[in-house]
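Quick notes on the structure that follows.
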Amino acid sequence: LIIERAEIYLLRLPLKFRFETSFGVQTDKQVPLLLLHGGGLTGLSEGVMEALPMYREETITGALGFLTGAALPAVLNQRFANPEAVGAALEPWRGNRMARAMVEMAAWDLWARQLGLPLWQLLGGNKTEVEVGVSLGIQASAQATVESVAKHAAEGYRRIKLKIKPGWDVEPVRAVRQAFADLHLTVDANSAYTLADVARLQALDEFGLDYIEQPLAWDDLHDHATLQAHLKTPICLDESIASAADTRKALTHAAGRVINLKVGRVGGHSEARRVHDVAQAFGVPVWCGGMLESGVGRAHNIHLSTLPNFSKPGDTSSASRYFATDTVNEPLEAENGLMPVPPGPGIGVSLNREFVEANADYHQEFSL
Ligand code: OSB
Ligand code: MG
């Protein structure tokens, strides 16, 4: 595996919906793309870092500096045995897992394309379609929440996740549960609560939620363990899990009972597989989260979701929900809550170069 040349694109795509979370309101999505060229083929990846460090600490400008100043020079024009070795070349550097993931994931795609095999087979997956749910932003009222849930449940999504924040939690959950007694329902607080809110979070126990996602601080496994001991509902960790080591520590100390696994957050597919395996050893299910990715990131997520311990529906809902035009040519649409794995070599999708080129705020090419 030799990477001869790289390109970075940065685009801003308008979102079809207003996405409100405990962080604030989002109406568009900045999409960093990495192309790695080698042997006449191209591997693709998408970064999940955002403009500002709201979700975790990484930012797009920080990633551009790290990629151009350190990561890309370290991997260009060298011989690697496999994509895992590409990721290992970036291991000496602290943090920056989202930026490292861009390089590692594009290397996986390039390698799979060179071998002529779909990524899911190389990762060790065993499905040709994966179960998906949907993540719904905070709505203006309980009534509007119930209507949005009704629409998406009717589309066949296998689980509905509601974003919550202090002051907007029990009311929408009660309204949805009254309307849909049997729905697989979850909530995601994106770190908005503290241990002082334990009574409020215990009040959610009566609604039969599958899990409560990331109630407490992004960097605080200890407080999550304390909270889990006071809740009947399982805690699902998202922001707090950046590695397989974090997963081991979280599960050893019962800081949660479910893991939201995002390949971009943990540094790439190799580390994602290790997180998956650690969770499996603890008997803990994982599911594939999302970061409002365009088609490139979405295709990676779908391939990863074919591993056996992805035993709960993920957040990779239909691409057409998010964007009028996607970064890839192929539609990525779920039907009856099942997302087909894009067939063909690598991640199975091709870049919509014309659209990407026309919408790029930034484009840079690298070779040594
Ligand atoms: O916490 O899972 C999250 C989107 C952006 C940042 C964080 C999160 C999310 C989502 C949306 O919940 C998942 C998706 O539809 O891609
Ligand atoms: Mg989350």
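We name chains A, B, ... following the order of the structure tokens; residues begin at 1 in each chain, and ligands are numbered from 1 as shown.
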> Can you list every residue in stretch 174-346 of chain A that DSSP puts in strand (DSSP E), as a PyMOL selection string?
Replying inline: chain A and resi 185-188+212-213+235-237+258-261+286-288+338-340
>> At a cut-off of 8 Å around ligand 1, and using only C-alpha atoms and all ligand atoms, what residues come up? Please write them as a ChimeraX atom specification.
In response: /A:55,134-137,161,163,188-190,213-214,238-239,260,289-293,315-317
For the selection just defined, write its residues with N, CA and C atoms to a file, as a compact mmCIF listing (two decimals), in the first residue's frame.
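File written: again.txt
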```txt
# COMPACT_ATOMS: atom_id res chain seq x y z
N TYR A 55 -18.54 19.23 20.56
CA TYR A 55 -18.81 17.81 20.81
C TYR A 55 -17.62 17.16 21.51
N VAL A 134 -33.06 6.69 13.80
CA VAL A 134 -32.90 8.08 13.41
C VAL A 134 -32.74 8.94 14.66
N SER A 135 -31.93 10.00 14.53
CA SER A 135 -31.67 10.93 15.62
C SER A 135 -32.41 12.23 15.33
N LEU A 136 -33.36 12.58 16.19
CA LEU A 136 -34.20 13.77 15.95
C LEU A 136 -33.79 14.91 16.88
N GLY A 137 -33.61 16.09 16.31
CA GLY A 137 -33.25 17.27 17.09
C GLY A 137 -34.40 17.73 17.98
N LYS A 161 -34.32 8.29 18.40
CA LYS A 161 -33.54 8.95 19.47
C LYS A 161 -33.95 10.42 19.50
N LYS A 163 -33.13 14.17 21.05
CA LYS A 163 -32.16 15.01 21.75
C LYS A 163 -32.87 15.67 22.93
N ASP A 188 -30.61 11.47 23.95
CA ASP A 188 -29.19 11.84 23.89
C ASP A 188 -29.03 13.25 24.44
N ALA A 189 -28.27 13.39 25.54
CA ALA A 189 -28.12 14.68 26.22
C ALA A 189 -26.86 15.43 25.79
N ASN A 190 -25.98 14.77 25.03
CA ASN A 190 -24.71 15.41 24.63
C ASN A 190 -24.04 16.16 25.80
N GLU A 213 -28.20 8.37 26.33
CA GLU A 213 -26.88 8.57 25.72
C GLU A 213 -26.18 9.79 26.32
N GLN A 214 -24.94 9.58 26.73
CA GLN A 214 -24.01 10.62 27.19
C GLN A 214 -24.69 11.72 28.02
N ASP A 238 -21.03 7.96 24.43
CA ASP A 238 -20.66 8.45 23.09
C ASP A 238 -19.37 9.28 23.23
N GLU A 239 -19.50 10.57 23.56
CA GLU A 239 -18.35 11.48 23.66
C GLU A 239 -17.21 10.91 24.52
N ASN A 260 -21.98 3.82 21.90
CA ASN A 260 -22.17 4.44 20.59
C ASN A 260 -20.78 4.53 19.96
N GLY A 289 -22.88 5.32 15.60
CA GLY A 289 -23.37 6.69 15.68
C GLY A 289 -23.09 7.44 14.39
N GLY A 290 -23.54 8.67 14.36
CA GLY A 290 -23.33 9.52 13.17
C GLY A 290 -22.99 10.93 13.59
N MET A 291 -22.46 11.70 12.65
CA MET A 291 -22.10 13.11 12.88
C MET A 291 -22.62 13.94 11.72
N LEU A 292 -23.84 13.61 11.25
CA LEU A 292 -24.45 14.31 10.11
C LEU A 292 -23.54 14.24 8.88
N GLU A 293 -22.87 13.10 8.70
CA GLU A 293 -21.93 12.97 7.60
C GLU A 293 -22.64 13.02 6.24
N ASP A 315 -27.34 5.20 13.76
CA ASP A 315 -27.90 6.52 13.40
C ASP A 315 -27.75 6.84 11.92
N THR A 316 -27.32 5.86 11.11
CA THR A 316 -27.09 6.13 9.68
C THR A 316 -28.40 6.06 8.91
N SER A 317 -29.22 7.10 9.07
CA SER A 317 -30.49 7.15 8.34
C SER A 317 -30.24 7.59 6.91
```
> Which is closer to A:Ile259 than all the others in A:Lys127, A:Lys232, A:Lys312, A:Arg97, using only C-alpha atoms?
Replying inline: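 Checking each of A:Lys127, A:Lys232, A:Lys312, A:Arg97 against A:Ile259, counting only C-alpha atoms, the winner is A:Lys312.
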> How many Å separate atom CA of A:Glu147 from atom CA of A:Ile160?
Replying inline: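 Distance reported for this atom pair: 12.4 Å.
Relative to atom CA of A:Asn96, atom CA of A:Glu58 is found at 6.5 Å.
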> So which residues touch A:Trp108 within 10 Å, counting only C-alpha atoms, skipping near sequence neighbours fewer than 2 positions away, as an MDAnalysis selection string?
Replying inline: chainID A and resid 1 43:45 82:84 86:87 103:106 110:114 119 122:123 268:270 300 346:347
Take the residues from that selection and write them out as a compact mmCIF listing (two decimals), in the first residue's frame, keeping C-alpha atoms.
```
# COMPACT_ATOMS: atom_id res chain seq x y z
CA LEU A 1 0.00 0.00 0.00
CA GLY A 43 -9.37 6.14 -1.24
CA LEU A 44 -11.95 8.46 0.35
CA SER A 45 -12.73 9.59 3.87
CA ASN A 82 -1.91 -2.66 5.39
CA PRO A 83 -4.15 0.25 6.56
CA GLU A 84 -3.55 -0.64 10.21
CA VAL A 86 -0.84 3.57 8.23
CA GLY A 87 -2.78 4.27 11.42
CA VAL A 103 -5.98 9.22 7.00
CA GLU A 104 -6.57 5.70 8.30
CA MET A 105 -10.08 5.40 6.82
CA ALA A 106 -9.04 6.65 3.37
CA LEU A 110 -7.74 2.64 -1.03
CA TRP A 111 -6.46 -0.78 0.08
CA ALA A 112 -9.88 -2.41 -0.39
CA ARG A 113 -10.17 -0.88 -3.87
CA GLN A 114 -6.68 -2.13 -4.75
CA LEU A 119 -14.53 -2.84 2.86
CA LEU A 122 -11.91 -6.86 4.95
CA LEU A 123 -13.19 -5.55 8.30
CA GLY A 268 -10.25 4.89 12.41
CA HIS A 269 -11.50 1.41 11.55
CA SER A 270 -8.69 -0.50 13.30
CA HIS A 300 -17.75 4.08 5.96
CA GLY A 346 -13.85 -0.26 -1.05
CA ILE A 347 -16.69 1.75 0.50
```
>> Can you pull out every residue from stretch 58-233 of chain A that DSSP, working from the backbone, puts in alpha helix (DSSP H), and format the result as a count of residues only?
In response: 78
> Out of A:Gly95, A:Trp287, A:Ala107, A:Phe310, which residue has the shortest atom-to-atom distance to ligand 2 when counting only C-alpha atoms and all ligand atoms?
Replying inline: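 Using only C-alpha atoms and all ligand atoms, ligand 2 sits closest to A:Trp287.
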>> List the spatial neighbours of A:His253 as JSON, numbers by chain - criterion: any atom at most 12 Å away, only C-alpha atoms, same-chain residues fewer than 2 positions off excluded.
In response: {"A": [221, 222, 223, 224, 225, 226, 227, 228, 229, 246, 247, 248, 249, 250, 251, 255, 256, 257, 282]}
Same residues, N, CA and C atoms, saved as a PDB file, in the first residue's frame:
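Wrote result22.pdb, looks like this:
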```pdb
ATOM      1  N   LEU A 221     -15.725   9.630  32.922  1.00  0.00           N
ATOM      2  CA  LEU A 221     -16.232   8.271  33.102  1.00  0.00           C
ATOM      3  C   LEU A 221     -16.613   8.012  34.554  1.00  0.00           C
ATOM      4  N   HIS A 222     -15.896   8.643  35.471  1.00  0.00           N
ATOM      5  CA  HIS A 222     -16.114   8.401  36.892  1.00  0.00           C
ATOM      6  C   HIS A 222     -17.541   8.786  37.296  1.00  0.00           C
ATOM      7  N   ASP A 223     -17.959   9.989  36.917  1.00  0.00           N
ATOM      8  CA  ASP A 223     -19.317  10.422  37.259  1.00  0.00           C
ATOM      9  C   ASP A 223     -20.381   9.576  36.540  1.00  0.00           C
ATOM     10  N   HIS A 224     -20.082   9.107  35.335  1.00  0.00           N
ATOM     11  CA  HIS A 224     -21.040   8.228  34.659  1.00  0.00           C
ATOM     12  C   HIS A 224     -21.228   6.924  35.446  1.00  0.00           C
ATOM     13  N   ALA A 225     -20.144   6.410  36.032  1.00  0.00           N
ATOM     14  CA  ALA A 225     -20.250   5.189  36.840  1.00  0.00           C
ATOM     15  C   ALA A 225     -21.131   5.440  38.067  1.00  0.00           C
ATOM     16  N   THR A 226     -20.947   6.597  38.688  1.00  0.00           N
ATOM     17  CA  THR A 226     -21.784   6.951  39.847  1.00  0.00           C
ATOM     18  C   THR A 226     -23.246   7.046  39.429  1.00  0.00           C
ATOM     19  N   LEU A 227     -23.484   7.717  38.315  1.00  0.00           N
ATOM     20  CA  LEU A 227     -24.864   7.888  37.842  1.00  0.00           C
ATOM     21  C   LEU A 227     -25.496   6.542  37.481  1.00  0.00           C
ATOM     22  N   GLN A 228     -24.735   5.680  36.759  1.00  0.00           N
ATOM     23  CA  GLN A 228     -25.299   4.397  36.346  1.00  0.00           C
ATOM     24  C   GLN A 228     -25.789   3.590  37.549  1.00  0.00           C
ATOM     25  N   ALA A 229     -25.077   3.699  38.664  1.00  0.00           N
ATOM     26  CA  ALA A 229     -25.476   2.973  39.874  1.00  0.00           C
ATOM     27  C   ALA A 229     -26.819   3.466  40.424  1.00  0.00           C
ATOM     28  N   ASP A 246     -10.301   3.363  26.634  1.00  0.00           N
ATOM     29  CA  ASP A 246     -11.425   4.030  27.300  1.00  0.00           C
ATOM     30  C   ASP A 246     -12.585   3.053  27.504  1.00  0.00           C
ATOM     31  N   THR A 247     -12.815   2.213  26.489  1.00  0.00           N
ATOM     32  CA  THR A 247     -13.924   1.254  26.547  1.00  0.00           C
ATOM     33  C   THR A 247     -13.704   0.264  27.690  1.00  0.00           C
ATOM     34  N   ARG A 248     -12.479  -0.251  27.776  1.00  0.00           N
ATOM     35  CA  ARG A 248     -12.143  -1.186  28.860  1.00  0.00           C
ATOM     36  C   ARG A 248     -12.358  -0.538  30.221  1.00  0.00           C
ATOM     37  N   LYS A 249     -11.874   0.696  30.387  1.00  0.00           N
ATOM     38  CA  LYS A 249     -12.004   1.368  31.683  1.00  0.00           C
ATOM     39  C   LYS A 249     -13.474   1.645  31.997  1.00  0.00           C
ATOM     40  N   ALA A 250     -14.224   2.103  31.005  1.00  0.00           N
ATOM     41  CA  ALA A 250     -15.644   2.410  31.210  1.00  0.00           C
ATOM     42  C   ALA A 250     -16.410   1.157  31.625  1.00  0.00           C
ATOM     43  N   LEU A 251     -16.148   0.041  30.946  1.00  0.00           N
ATOM     44  CA  LEU A 251     -16.946  -1.156  31.207  1.00  0.00           C
ATOM     45  C   LEU A 251     -16.473  -1.876  32.468  1.00  0.00           C
ATOM     46  N   ALA A 255     -19.480   2.234  33.909  1.00  0.00           N
ATOM     47  CA  ALA A 255     -19.881   3.616  33.603  1.00  0.00           C
ATOM     48  C   ALA A 255     -20.982   3.664  32.547  1.00  0.00           C
ATOM     49  N   GLY A 256     -21.316   2.507  31.964  1.00  0.00           N
ATOM     50  CA  GLY A 256     -22.372   2.426  30.963  1.00  0.00           C
ATOM     51  C   GLY A 256     -22.582   0.976  30.584  1.00  0.00           C
ATOM     52  N   ARG A 257     -23.663   0.704  29.815  1.00  0.00           N
ATOM     53  CA  ARG A 257     -23.955  -0.669  29.405  1.00  0.00           C
ATOM     54  C   ARG A 257     -24.128  -0.808  27.901  1.00  0.00           C
ATOM     55  N   PHE A 282     -17.138  -7.877  27.036  1.00  0.00           N
ATOM     56  CA  PHE A 282     -17.897  -7.525  28.241  1.00  0.00           C
ATOM     57  C   PHE A 282     -19.391  -7.846  28.093  1.00  0.00           C
TER      58      PHE A 282
END
```
>> I'd like to know which of A:Phe19, A:Tyr9, A:Trp218, A:Phe80 is closest to A:Leu162, using only C-alpha atoms.
In response: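 Under the stated criterion, the closest residue is A:Phe19.
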> If you count only C-alpha atoms, which residues fall within 6 Å of A:Leu216, apart from same-chain ones fewer than 2 positions away, as a PyMOL selection string?
Replying inline: chain A and resi 191+193-194+214
The selected residues should be written to file as a tab-separated table (two decimals), in the first residue's frame (atoms: N, CA and C atoms).
```tsv
chain	number	residue	atom	x	y	z
A	191	SER	N	-23.90	15.46	26.91
A	191	SER	CA	-23.11	15.95	28.06
A	191	SER	C	-23.72	17.13	28.82
A	193	TYR	N	-25.88	17.33	31.37
A	193	TYR	CA	-26.28	17.22	32.78
A	193	TYR	C	-25.05	17.03	33.68
A	194	THR	N	-25.30	17.18	35.00
A	194	THR	CA	-24.28	16.86	36.00
A	194	THR	C	-24.91	15.93	37.04
A	214	GLN	N	-24.94	9.58	26.73
A	214	GLN	CA	-24.01	10.62	27.19
A	214	GLN	C	-24.69	11.72	28.02
```
> Taking only C-alpha atoms into account, which of A:Ala242, A:Ala199, A:Gln143, A:Leu351 comes nearest A:Asp219?
Replying inline: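 Smallest distance to A:Asp219 is found for A:Ala242.
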>> I want to know what sits within 8 Å of A:Gln30, based on only C-alpha atoms, with residues of the same chain fewer than 2 positions away left out; could you give that as a list of chain:residue names?
In response: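 Answer for this query is A:Leu10, A:Leu11, A:Arg12, A:Leu13, A:Asp28, A:Pro32, A:Glu50, A:Ala51.
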Could the residues in this selection be saved with N, CA and C atoms as a PDB file, in the first residue's frame?
```pdb
ATOM      1  N   LEU A  10     -12.763  21.066   1.640  1.00  0.00           N
ATOM      2  CA  LEU A  10     -13.660  21.486   2.714  1.00  0.00           C
ATOM      3  C   LEU A  10     -14.874  22.137   2.077  1.00  0.00           C
ATOM      4  N   LEU A  11     -16.067  21.574   2.358  1.00  0.00           N
ATOM      5  CA  LEU A  11     -17.279  22.181   1.812  1.00  0.00           C
ATOM      6  C   LEU A  11     -18.296  22.444   2.910  1.00  0.00           C
ATOM      7  N   ARG A  12     -19.236  23.292   2.590  1.00  0.00           N
ATOM      8  CA  ARG A  12     -20.316  23.607   3.526  1.00  0.00           C
ATOM      9  C   ARG A  12     -21.629  23.289   2.829  1.00  0.00           C
ATOM     10  N   LEU A  13     -22.363  22.310   3.394  1.00  0.00           N
ATOM     11  CA  LEU A  13     -23.630  21.910   2.779  1.00  0.00           C
ATOM     12  C   LEU A  13     -24.804  22.361   3.650  1.00  0.00           C
ATOM     13  N   ASP A  28     -26.336  24.132   8.846  1.00  0.00           N
ATOM     14  CA  ASP A  28     -25.532  23.589   7.754  1.00  0.00           C
ATOM     15  C   ASP A  28     -24.417  22.721   8.322  1.00  0.00           C
ATOM     16  N   PRO A  32     -15.240  18.060   5.822  1.00  0.00           N
ATOM     17  CA  PRO A  32     -13.844  17.885   5.385  1.00  0.00           C
ATOM     18  C   PRO A  32     -13.693  16.516   4.713  1.00  0.00           C
ATOM     19  N   GLU A  50     -15.742  19.311  13.908  1.00  0.00           N
ATOM     20  CA  GLU A  50     -16.593  20.438  13.533  1.00  0.00           C
ATOM     21  C   GLU A  50     -15.785  21.737  13.597  1.00  0.00           C
ATOM     22  N   ALA A  51     -16.402  22.826  13.186  1.00  0.00           N
ATOM     23  CA  ALA A  51     -15.694  24.114  13.177  1.00  0.00           C
ATOM     24  C   ALA A  51     -15.267  24.494  14.600  1.00  0.00           C
TER      25      ALA A  51
END
```
>> To one decimal place in Å, what is the distance between atom CA of A:Arg174 and atom CA of A:Leu15?
In response: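 Atom CA of A:Leu15 lies 28.3 Å from atom CA of A:Arg174.
Proximity to ligand 2 was assessed for A:Trp168, A:Phe17, A:Tyr211, A:Phe355 counting only C-alpha atoms and all ligand atoms; the smallest distance is recorded for A:Tyr211.
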> Which one of A:Glu206, A:Gln26, A:Pro308, A:Tyr157 sits closest to A:Glu333 if you count only C-alpha atoms?
Replying inline: A:Tyr157
> Which polymer residues have any atom within 9 Å of an atom of A:Ala175, counting only C-alpha atoms, with same-chain residues fewer than 2 positions away left out, as a PyMOL selection string?
Replying inline: chain A and resi 142-143+145-146+170-173+177-180
Keeping only C-alpha atoms, write the selected residues as a compact mmCIF listing (two decimals), in the first residue's frame.
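Result saved to result.txt:
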```
# COMPACT_ATOMS: atom_id res chain seq x y z
CA ALA A 142 -44.10 18.12 22.70
CA GLN A 143 -46.76 18.03 19.95
CA THR A 145 -41.92 16.03 18.76
CA VAL A 146 -44.73 13.45 18.59
CA VAL A 170 -39.34 14.40 30.74
CA GLU A 171 -42.05 16.35 28.90
CA PRO A 172 -41.22 15.31 25.30
CA VAL A 173 -40.35 11.74 26.37
CA ARG A 177 -44.19 7.29 25.07
CA GLN A 178 -47.92 7.95 25.53
CA ALA A 179 -48.37 8.01 21.74
CA PHE A 180 -46.07 5.03 21.00
```
